[in-house]
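**Student:** The following file, protein22.cif, comprises mmCIF, C-alpha atoms and all ligand atoms:
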```
data_start
#
loop_
_atom_site.label_atom_id
_atom_site.label_comp_id
_atom_site.auth_asym_id
_atom_site.auth_seq_id
_atom_site.Cartn_x
_atom_site.Cartn_y
_atom_site.Cartn_z
CA MET A 26 68.24 94.86 45.19
CA GLU A 27 67.27 94.40 48.86
CA SER A 28 64.51 91.95 48.07
CA MET A 29 66.70 89.91 45.77
CA ARG A 30 67.60 86.46 46.94
CA TYR A 31 70.74 85.32 45.20
CA ASP A 32 71.17 81.75 44.02
CA LEU A 33 74.52 81.55 45.77
CA VAL A 34 76.74 83.60 48.05
CA ILE A 35 80.41 82.78 48.58
CA ARG A 36 81.08 84.29 51.94
CA GLY A 37 84.18 85.63 53.57
CA GLY A 38 86.94 84.74 51.12
CA THR A 39 90.13 86.52 50.10
CA LEU A 40 89.19 87.51 46.56
CA VAL A 41 91.72 87.99 43.77
CA THR A 42 89.90 90.57 41.62
CA PRO A 43 91.10 92.93 38.86
CA ALA A 44 90.75 95.73 41.44
CA GLY A 45 93.12 93.98 43.85
CA VAL A 46 93.11 91.31 46.52
CA VAL A 47 90.20 92.10 48.85
CA ALA A 48 88.25 90.43 51.63
CA GLY A 49 84.56 90.02 50.84
CA ASP A 50 81.59 88.13 49.49
CA ILE A 51 80.60 87.16 45.96
CA ALA A 52 76.96 86.82 44.94
CA ILE A 53 76.07 84.63 41.97
CA HIS A 54 72.67 84.60 40.28
CA GLU A 55 71.68 82.58 37.23
CA GLY A 56 75.31 81.58 36.70
CA ARG A 57 76.74 85.09 36.74
CA ILE A 58 78.56 87.19 39.30
CA VAL A 59 76.10 89.92 40.32
CA ALA A 60 77.85 91.46 43.33
CA ILE A 61 81.31 91.60 44.88
CA ASP A 62 81.15 93.51 48.16
CA PRO A 63 82.52 93.46 51.70
CA GLU A 64 79.18 91.94 52.65
CA VAL A 65 76.24 90.91 50.48
CA ALA A 66 72.74 89.77 51.47
CA GLY A 67 71.81 86.11 51.91
CA GLY A 68 71.72 83.55 49.16
CA ALA A 69 69.57 80.47 48.63
CA ASN A 70 72.86 78.60 49.02
CA GLU A 71 76.02 79.72 50.71
CA ILE A 72 79.64 78.59 50.59
CA ASP A 73 81.85 79.42 53.55
CA ALA A 74 85.13 80.71 52.10
CA ASN A 75 86.63 81.93 55.38
CA GLY A 76 90.35 81.27 55.33
CA LEU A 77 90.26 80.43 51.62
CA LEU A 78 91.55 82.21 48.56
CA VAL A 79 89.09 82.80 45.71
CA LEU A 80 90.61 83.06 42.23
CA PRO A 81 89.03 83.14 38.78
CA ALA A 82 88.87 79.56 37.49
CA ILE A 83 91.59 78.53 35.07
CA VAL A 84 91.05 79.09 31.34
CA ASP A 85 93.48 76.47 29.97
CA VAL A 86 94.16 77.51 26.36
CA HIS A 87 96.29 74.52 25.43
CA LEU A 88 95.51 70.87 26.02
CA HIS A 89 94.71 67.63 24.22
CA PHE A 90 91.70 65.59 25.37
CA ASN A 91 91.88 63.55 22.14
CA GLU A 92 88.13 63.32 21.56
CA PRO A 93 86.79 62.16 19.20
CA GLY A 94 88.97 59.32 17.97
CA ARG A 95 91.47 58.68 20.76
CA THR A 96 89.35 58.57 23.88
CA ASP A 97 91.38 55.53 24.98
CA TRP A 98 94.16 58.09 25.56
CA GLU A 99 91.92 60.47 27.55
CA GLY A 100 88.58 61.86 26.36
CA ALA A 101 86.74 64.97 27.49
CA ALA A 102 84.82 63.22 30.28
CA THR A 103 87.88 62.34 32.33
CA GLY A 104 90.00 65.21 31.00
CA SER A 105 87.50 67.89 32.01
CA ARG A 106 87.12 66.28 35.45
CA ALA A 107 90.87 66.52 35.92
CA LEU A 108 90.78 70.14 34.78
CA ALA A 109 88.02 70.86 37.32
CA ALA A 110 89.98 69.13 40.10
CA GLY A 111 92.86 71.47 39.25
CA GLY A 112 90.66 74.58 39.43
CA GLY A 113 89.71 74.94 35.77
CA ALA A 114 86.32 75.75 34.23
CA VAL A 115 87.26 76.42 30.58
CA PHE A 116 89.68 74.75 28.18
CA PHE A 117 90.65 75.07 24.53
CA ASP A 118 91.16 71.71 22.86
CA MET A 119 93.91 71.43 20.28
CA PRO A 120 93.07 70.14 16.76
CA LEU A 121 95.18 67.06 17.45
CA ASN A 122 95.43 64.37 18.92
CA SER A 123 91.75 63.87 18.32
CA THR A 124 91.34 62.02 15.05
CA PRO A 125 90.48 62.96 12.40
CA CYS A 126 92.12 66.28 13.33
CA THR A 127 90.06 69.48 13.54
CA VAL A 128 90.97 70.96 10.17
CA THR A 129 87.51 71.11 8.55
CA ALA A 130 84.12 72.48 9.60
CA ARG A 131 82.78 68.92 9.61
CA GLU A 132 85.38 67.80 12.16
CA PHE A 133 84.77 70.97 14.19
CA ASP A 134 81.06 70.10 14.38
CA ARG A 135 81.83 66.51 15.36
CA LYS A 136 84.16 67.61 18.14
CA ARG A 137 81.77 70.27 19.37
CA GLN A 138 79.02 67.67 19.69
CA ALA A 139 81.26 65.11 21.41
CA LEU A 140 82.65 67.59 23.91
CA GLY A 141 79.24 69.16 24.54
CA ALA A 142 78.03 65.72 25.65
CA ALA A 143 81.09 64.65 27.66
CA SER A 144 82.77 67.71 29.15
CA ILE A 145 81.86 69.21 32.52
CA ALA A 146 83.87 72.35 31.64
CA ASP A 147 83.14 74.98 29.00
CA PHE A 148 85.38 74.65 25.97
CA GLY A 149 86.78 76.46 22.95
CA LEU A 150 88.14 74.67 19.89
CA TRP A 151 91.35 75.33 18.00
CA GLY A 152 91.34 74.75 14.25
CA GLY A 153 94.37 73.17 12.61
CA LEU A 154 96.67 74.72 10.01
CA VAL A 155 98.30 72.03 7.87
CA PRO A 156 99.38 71.93 4.21
CA GLY A 157 96.23 72.22 2.09
CA SER A 158 93.94 73.43 4.89
CA VAL A 159 94.13 77.22 4.38
CA GLY A 160 90.90 77.08 2.35
CA GLU A 161 89.06 75.67 5.40
CA MET A 162 89.96 78.54 7.70
CA ASP A 163 86.99 80.80 6.85
CA GLU A 164 84.47 78.11 7.71
CA LEU A 165 86.30 77.19 10.92
CA ALA A 166 86.30 80.85 11.95
CA GLY A 167 82.58 80.99 11.22
CA ARG A 168 82.02 78.01 13.52
CA GLY A 169 83.81 79.81 16.37
CA ALA A 170 87.40 78.50 16.29
CA VAL A 171 89.58 80.36 18.80
CA GLY A 172 92.53 80.34 16.39
CA PHE A 173 94.66 78.03 14.24
CA LYS A 174 97.44 75.74 15.42
CA ALA A 175 100.46 74.86 13.29
CA PHE A 176 103.56 72.74 13.85
CA MET A 177 106.89 74.04 12.57
CA CYS A 178 108.39 70.56 13.14
CA ASP A 179 107.04 67.02 12.90
CA SER A 180 103.97 66.70 15.19
CA GLY A 181 104.53 63.01 15.90
CA LEU A 182 101.26 62.17 14.14
CA PRO A 183 101.18 61.55 10.37
CA GLU A 184 97.60 62.90 10.09
CA PHE A 185 98.74 66.33 11.29
CA PRO A 186 101.70 67.23 9.03
CA ARG A 187 103.93 70.16 9.81
CA ALA A 188 103.26 73.54 8.20
CA ASP A 189 106.05 74.36 5.73
CA ASP A 190 107.02 78.03 5.45
CA MET A 191 104.55 78.84 2.66
CA THR A 192 101.67 77.13 4.49
CA LEU A 193 102.51 79.14 7.59
CA LEU A 194 102.70 82.40 5.62
CA ASP A 195 99.45 81.74 3.73
CA GLY A 196 97.76 80.69 6.97
CA MET A 197 98.93 83.84 8.73
CA HIS A 198 97.60 86.03 5.91
CA ALA A 199 94.21 84.30 6.21
CA ALA A 200 94.22 84.47 10.01
CA ALA A 201 95.06 88.19 9.94
CA ARG A 202 92.08 88.78 7.63
CA LEU A 203 89.84 86.72 9.97
CA GLY A 204 91.14 88.48 13.09
CA LEU A 205 92.22 85.24 14.78
CA PRO A 206 95.62 84.18 16.17
CA VAL A 207 97.91 81.52 14.77
CA ALA A 208 99.51 79.32 17.45
CA VAL A 209 102.82 77.70 16.63
CA HIS A 210 104.76 74.81 18.06
CA ALA A 211 108.11 76.49 17.48
CA GLU A 212 110.94 74.03 16.90
CA SER A 213 112.96 73.93 13.69
CA GLU A 214 112.31 70.86 11.53
CA SER A 215 115.72 70.90 9.84
CA LEU A 216 117.64 71.38 13.09
CA THR A 217 115.68 68.81 15.15
CA ARG A 218 116.05 66.31 12.30
CA ALA A 219 119.81 66.86 12.07
CA TYR A 220 120.36 66.78 15.85
CA ALA A 221 118.22 63.63 16.15
CA ALA A 222 120.26 61.91 13.43
CA ALA A 223 123.45 62.75 15.32
CA ALA A 224 122.19 61.70 18.79
CA THR A 225 123.36 58.33 20.06
CA GLY A 226 121.47 56.11 22.49
CA ARG A 227 117.76 55.72 23.24
CA ASP A 228 117.55 57.35 26.67
CA ALA A 229 116.48 60.76 28.01
CA ARG A 230 119.94 62.25 27.41
CA ALA A 231 119.73 61.28 23.72
CA PHE A 232 116.32 62.96 23.41
CA LEU A 233 117.65 66.12 25.11
CA THR A 234 120.61 66.17 22.70
CA SER A 235 118.20 65.93 19.75
CA ARG A 236 116.28 69.11 20.70
CA PRO A 237 118.55 71.85 22.09
CA VAL A 238 117.24 75.35 22.87
CA LEU A 239 118.64 76.57 19.54
CA CYS A 240 115.90 74.63 17.68
CA GLU A 241 113.27 76.62 19.56
CA LEU A 242 115.02 79.96 19.08
CA GLU A 243 115.40 79.55 15.31
CA ALA A 244 111.70 78.71 14.88
CA ILE A 245 110.52 81.51 17.19
CA GLN A 246 112.60 84.01 15.21
CA ARG A 247 111.07 82.86 11.92
CA ALA A 248 107.50 82.84 13.28
CA LEU A 249 107.97 86.39 14.60
CA LEU A 250 109.23 87.53 11.20
CA PHE A 251 106.23 85.94 9.46
CA ALA A 252 103.82 87.53 11.95
CA GLN A 253 105.41 90.92 11.39
CA GLU A 254 105.22 90.46 7.61
CA THR A 255 101.56 89.33 7.57
CA GLY A 256 100.18 91.36 10.48
CA ALA A 257 98.82 88.15 12.05
CA ALA A 258 98.40 87.72 15.79
CA LEU A 259 100.89 85.05 16.87
CA HIS A 260 100.64 82.82 19.93
CA ILE A 261 103.79 80.85 20.71
CA VAL A 262 102.86 77.76 22.67
CA HIS A 263 104.97 76.07 25.36
CA VAL A 264 108.10 78.24 25.23
CA SER A 265 110.65 76.27 27.23
CA SER A 266 113.52 78.75 27.58
CA GLY A 267 114.07 82.21 29.02
CA ARG A 268 115.90 83.17 25.82
CA GLY A 269 112.87 82.18 23.74
CA VAL A 270 110.62 84.35 25.89
CA ALA A 271 113.05 87.27 25.74
CA MET A 272 113.26 87.05 21.94
CA ALA A 273 109.48 87.18 21.56
CA ALA A 274 109.06 89.89 24.20
CA LYS A 275 111.54 92.07 22.32
CA ALA A 276 109.53 91.65 19.11
CA ARG A 277 106.36 92.52 21.01
CA ALA A 278 107.97 95.72 22.28
CA GLU A 279 108.75 96.52 18.64
CA GLY A 280 105.11 96.10 17.62
CA VAL A 281 104.63 92.42 16.69
CA ASP A 282 101.29 91.11 17.99
CA VAL A 283 102.61 88.10 19.89
CA SER A 284 101.58 86.30 23.08
CA ILE A 285 103.91 83.94 24.90
CA GLU A 286 102.82 80.77 26.66
CA THR A 287 104.81 78.49 28.91
CA CYS A 288 103.78 75.39 30.84
CA PRO A 289 103.97 74.31 34.48
CA HIS A 290 106.35 71.45 33.68
CA TYR A 291 109.07 73.83 32.45
CA LEU A 292 108.67 75.76 35.71
CA PHE A 293 108.76 72.69 37.94
CA PHE A 294 111.07 70.07 36.42
CA THR A 295 114.58 70.11 34.93
CA ASP A 296 116.43 67.91 32.46
CA ALA A 297 117.89 66.04 35.46
CA ASP A 298 114.33 65.16 36.53
CA PHE A 299 113.69 63.86 33.01
CA GLU A 300 116.76 61.62 33.22
CA ARG A 301 115.52 60.32 36.58
CA LEU A 302 111.84 59.91 35.62
CA GLY A 303 112.18 58.78 32.00
CA ALA A 304 109.33 58.67 29.48
CA VAL A 305 106.65 60.01 31.86
CA ALA A 306 108.48 63.37 31.73
CA LYS A 307 109.11 63.35 27.97
CA CYS A 308 107.74 66.35 26.09
CA ALA A 309 108.76 68.58 23.18
CA PRO A 310 110.45 70.97 23.56
CA PRO A 311 112.10 68.90 26.31
CA LEU A 312 112.62 69.87 29.94
CA ARG A 313 115.59 72.23 30.32
CA SER A 314 118.46 72.91 32.72
CA ALA A 315 117.94 74.37 36.20
CA ALA A 316 119.46 77.66 34.98
CA GLU A 317 116.99 77.81 32.07
CA ARG A 318 114.11 77.12 34.48
CA GLU A 319 115.20 80.07 36.65
CA ASP A 320 115.38 82.28 33.55
CA LEU A 321 111.77 81.33 32.78
CA TRP A 322 110.71 82.30 36.31
CA HIS A 323 112.49 85.62 35.84
CA GLU A 324 110.62 86.23 32.59
CA ILE A 325 107.37 85.48 34.44
CA ALA A 326 108.26 87.93 37.21
CA ALA A 327 109.20 90.54 34.59
CA GLY A 328 105.75 90.18 32.97
CA SER A 329 107.11 88.86 29.66
CA VAL A 330 105.24 85.54 29.76
CA ASN A 331 101.54 86.17 29.07
CA ILE A 332 99.92 82.80 29.66
CA VAL A 333 100.59 79.57 31.54
CA ALA A 334 98.72 76.58 30.04
CA SER A 335 99.01 72.89 30.84
CA ASP A 336 99.64 71.36 27.39
CA HIS A 337 98.12 68.26 28.96
CA SER A 338 98.99 65.58 26.41
CA PRO A 339 98.12 62.12 27.71
CA THR A 340 98.38 58.76 26.01
CA GLU A 341 97.85 55.11 26.85
CA PRO A 342 100.28 53.51 29.35
CA SER A 343 102.02 51.28 26.77
CA ARG A 344 103.23 54.37 24.88
CA LYS A 345 104.90 55.75 28.00
CA ALA A 346 106.79 52.52 28.75
CA GLY A 347 110.26 51.49 27.67
CA ASP A 348 112.53 53.30 25.23
CA VAL A 349 112.47 57.09 25.77
CA MET A 350 113.16 57.91 22.11
CA ASP A 351 110.13 55.88 20.96
CA ALA A 352 107.81 56.92 23.83
CA TRP A 353 104.96 59.38 23.34
CA GLY A 354 106.09 62.98 23.85
CA GLY A 355 103.58 64.68 26.12
CA ILE A 356 103.11 65.38 29.82
CA ALA A 357 99.72 64.73 31.41
CA GLY A 358 99.61 67.50 34.02
CA VAL A 359 96.27 69.30 33.64
CA GLN A 360 95.60 69.10 37.37
CA SER A 361 98.90 70.59 38.50
CA THR A 362 98.99 74.12 37.02
CA LEU A 363 97.74 75.97 40.12
CA PRO A 364 99.72 73.90 42.64
CA VAL A 365 102.93 74.61 40.67
CA LEU A 366 102.26 78.35 40.44
CA LEU A 367 101.12 78.65 44.07
CA ASP A 368 103.88 76.55 45.59
CA ARG A 369 106.92 77.17 43.34
CA GLY A 370 105.73 80.62 42.24
CA HIS A 371 103.94 82.32 45.14
CA HIS A 372 105.36 80.57 48.19
CA ALA A 373 108.90 79.94 46.91
CA ARG A 374 109.52 82.98 44.68
CA GLY A 375 107.09 85.66 45.82
CA LEU A 376 105.01 85.70 42.64
CA SER A 377 101.87 87.71 43.40
CA LEU A 378 98.43 86.10 43.46
CA ALA A 379 97.17 88.78 41.06
CA ARG A 380 99.86 87.80 38.56
CA ILE A 381 98.92 84.11 38.88
CA ALA A 382 95.26 84.97 38.13
CA ASP A 383 96.45 86.95 35.09
CA LEU A 384 98.58 84.08 33.77
CA VAL A 385 96.00 81.30 34.04
CA ALA A 386 92.67 83.08 33.58
CA THR A 387 92.49 86.81 32.83
CA THR A 388 94.99 87.11 29.98
CA PRO A 389 93.87 83.82 28.36
CA ALA A 390 90.28 85.12 28.19
CA GLN A 391 91.36 88.55 26.95
CA ARG A 392 93.84 87.35 24.36
CA PHE A 393 91.25 85.04 22.79
CA ARG A 394 88.34 87.47 23.33
CA ILE A 395 86.23 85.09 25.43
CA ARG A 396 83.78 87.51 26.98
CA GLY A 397 82.51 86.85 30.50
CA LYS A 398 85.39 84.58 31.50
CA GLY A 399 88.74 84.92 33.25
CA SER A 400 88.20 87.37 36.11
CA LEU A 401 86.15 87.93 39.23
CA ALA A 402 84.05 90.87 38.06
CA VAL A 403 80.36 91.71 38.17
CA GLY A 404 78.68 90.53 34.96
CA ASN A 405 81.14 87.71 34.36
CA ASP A 406 80.30 84.02 34.61
CA GLY A 407 80.58 82.51 38.09
CA ASP A 408 83.75 80.59 37.17
CA LEU A 409 85.94 80.46 40.23
CA VAL A 410 88.18 78.31 42.34
CA LEU A 411 88.53 78.17 46.12
CA VAL A 412 92.04 77.37 47.28
CA ASP A 413 93.53 76.52 50.64
CA LEU A 414 96.72 78.52 50.08
CA ASP A 415 98.80 77.13 52.95
CA ARG A 416 97.58 73.56 52.99
CA PRO A 417 100.35 71.14 51.94
CA PHE A 418 99.54 67.98 50.06
CA THR A 419 101.40 65.21 48.26
CA LEU A 420 99.92 64.31 44.88
CA SER A 421 98.86 60.66 44.80
CA ASP A 422 97.20 58.64 42.07
CA CYS A 423 93.85 58.72 43.88
CA ASP A 424 93.87 62.53 43.48
CA LEU A 425 94.16 62.25 39.70
CA GLN A 426 90.88 62.43 37.78
CA GLN A 427 92.47 61.79 34.38
CA ARG A 428 91.93 58.44 32.59
CA HIS A 429 95.42 57.01 33.08
CA LYS A 430 97.07 57.79 36.40
CA ILE A 431 100.37 58.67 34.74
CA SER A 432 101.91 61.97 35.83
CA PRO A 433 105.47 63.09 36.53
CA TYR A 434 104.06 65.10 39.46
CA LEU A 435 103.02 61.98 41.43
CA GLY A 436 104.71 62.08 44.82
CA ALA A 437 105.48 65.80 44.64
CA THR A 438 104.46 67.96 47.59
CA PHE A 439 102.78 71.34 47.09
CA ARG A 440 101.47 74.07 49.34
CA GLY A 441 98.18 75.35 47.92
CA ARG A 442 95.32 72.89 47.47
CA VAL A 443 92.25 73.31 45.27
CA ARG A 444 89.15 72.87 47.43
CA GLN A 445 86.26 73.72 45.14
CA THR A 446 85.70 74.72 41.51
CA LEU A 447 82.61 76.44 40.14
CA ARG A 448 81.60 76.74 36.49
CA ARG A 449 78.81 79.28 35.81
CA GLY A 450 77.85 79.10 39.49
CA GLU A 451 77.61 75.32 39.62
CA THR A 452 80.06 73.47 41.86
CA ILE A 453 81.75 70.96 39.54
CA PHE A 454 84.44 69.81 42.00
CA ALA A 455 84.52 69.88 45.81
CA ASP A 456 86.77 68.29 48.44
CA GLY A 457 88.23 65.63 46.19
CA SER A 458 85.05 64.69 44.35
CA ILE A 459 83.43 65.60 41.05
CA THR A 460 79.98 67.06 41.68
CA ALA A 461 78.98 68.41 38.24
CA ARG A 462 75.40 67.78 37.18
CA THR A 463 75.43 69.56 33.82
CA THR A 464 77.82 69.65 30.88
CA GLY A 465 79.86 72.47 29.40
CA ARG A 466 79.25 74.52 26.28
CA LEU A 467 81.22 76.08 23.49
CA VAL A 468 82.85 79.45 24.07
CA ARG A 469 83.92 81.51 21.05
CA PRO A 470 85.71 84.76 20.33
CA SER A 471 83.45 87.80 20.59
ZN ZN B 501 100.28 70.62 22.82
#
```
So that I can check it, write out the structure of this file as structure tokens.
Ligand SMILES: [Zn+2]

**Tutor:**
Amino acid sequence: MESMRYDLVIRGGTLVTPAGVVAGDIAIHEGRIVAIDPEVAGGANEIDANGLLVLPAIVDVHLHFNEPGRTDWEGAATGSRALAAGGGAVFFDMPLNSTPCTVTAREFDRKRQALGAASIADFGLWGGLVPGSVGEMDELAGRGAVGFKAFMCDSGLPEFPRADDMTLLDGMHAAARLGLPVAVHAESESLTRAYAAAATGRDARAFLTSRPVLCELEAIQRALLFAQETGAALHIVHVSSGRGVAMAAKARAEGVDVSIETCPHYLFFTDADFERLGAVAKCAPPLRSAAEREDLWHEIAAGSVNIVASDHSPTEPSRKAGDVMDAWGGIAGVQSTLPVLLDRGHHARGLSLARIADLVATTPAQRFRIRGKGSLAVGNDGDLVLVDLDRPFTLSDCDLQQRHKISPYLGATFRGRVRQTLRRGETIFADGSITARTTGRLVRPS
């Protein structure tokens, strides 16, 4: 190896590797990590990482870039740039709110082509599970879908109807046979409908009243039972409560194949913030109490939460204005995952850097069997993020790379700033600017 001249050497960083946090150099050649050592030989290019933390780049398993069909809400060009600015190199796009939704092989192919042309990050695609779509699952699996997403309550979009119990059961049987997970938005349709009918007013408090934690718990319980019955792998997206996590973790200890995801906004904001901020902070399940937020942090510290994903769900500005009950439910925060975990997790609560790498990169890649992604290891893709761990910054709209500069995090101060993001050895973001020259490609379960 002495004569080898590497394409790139990242020199002198603090590296968060599966073997521990170590000081050293990383050599990248032809897009892959080829050496991690205290000191490696020279590269054709070098990046000085002295004083910086080097983490595996984020693998964001849950977001909505809305392409094709609703690129006026976001699109993969701007969405992937925002992901890169937040330290991400891979994302999984949900089957909605692109339109038509990704429930057939034809729509999968259309989305793959659109994202392959527009995205600067690598991407996986979720298939949808809706009434009548179980027969499409084989073909979607053949195309490389990472799994199948179902709603247990109204999705907010008529073209993506909720999965009734039999659809969910049939879908889980099919997914178990295909060896792919089913992801559920777990809120009870009958309970959310009844609570919404009883809620008075049009403000944030009314929306909170319409979706109490109980709605989430009832749906999680039922999804766990169905997963146990069918043998399917279950992924519960955006769990908003410590009790929801605890319920699923208990089932996992008893043998149910379940992974638990939460989102940065449940770890950062509370229901009081929602009342202050209004529609920009509206999401479902809604933001919870300060006590519930602390319970979630405890479940993270205990190792019960497997994955943190952004659930970036942007829309056009007019849908985030006015009446909270009518506003679009979704928080556009794809750039803020690492700052939230580094500042509120590491600095404020002592969460280890190794655990943060697990939550945003390593476990996401493992759970969905994306080989070569998610950790700093020889043989893996050169997907990594350089972070200035102690550098404070206040998020302003000029930092945001997303299409519409609407984010509940605007004005928030964090310690831990993303400096540079690499995807397969290519710097796609550096010092505030997008630098990508090539586009991303499809990743699929191995
Ligand atoms: Zn979502």

**Student:** List all protein, DNA and RNA residues that have any atom at most 10 Å from ligand ZN 501 (chain B), counting only C-alpha atoms and all ligand atoms, and write the list as a count of residues only.

**Tutor:** 27

**Student:** Given 5 Å on each side, where is the centre and what are the edge lengths in Å to one decimal of the axis-aligned box enclosing the listed atoms of stretch 318-322 of chain A, as lines of an AutoDock Vina configuration file?

**Tutor:**
```
center_x = 113.0
center_y = 79.7
center_z = 34.7
size_x = 14.7
size_y = 15.2
size_z = 13.9
```

**Student:** Would you pick out the contacts of A:Leu249 at 12 Å or less, using all atoms listed in the file, so that residues sharing its chain but fewer than 2 positions from it are not included, and give the list as number ranges by chain?

**Tutor:** A: 193-194, 197, 207-209, 211, 242-247, 251-261, 269-270, 272-277, 279-285

**Student:** Which of these, A:Gly181, A:Gly100, A:Gly45, A:Gly450, has the shortest distance to A:Asn70 once you count all atoms listed in the file?

**Tutor:**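 Distance minimum relative to A:Asn70 lands on A:Gly450.
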
**Student:** Could you tell me how far atom CA of A:Ile381 lies from atom CA of A:Val59, in Å and to one decimal?

**Tutor:**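 So the answer is 23.6 Å.
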
**Student:** Would you pick out the contacts of A:Pro237 at 12 Å or less, using all atoms listed in the file, so that residues sharing its chain but fewer than 4 positions from it are not included, and give the list as a PyMOL selection string?

**Tutor:** chain A and resi 212-213+216-221+224+230-233+241-243+265-266+269+296+309-314+317
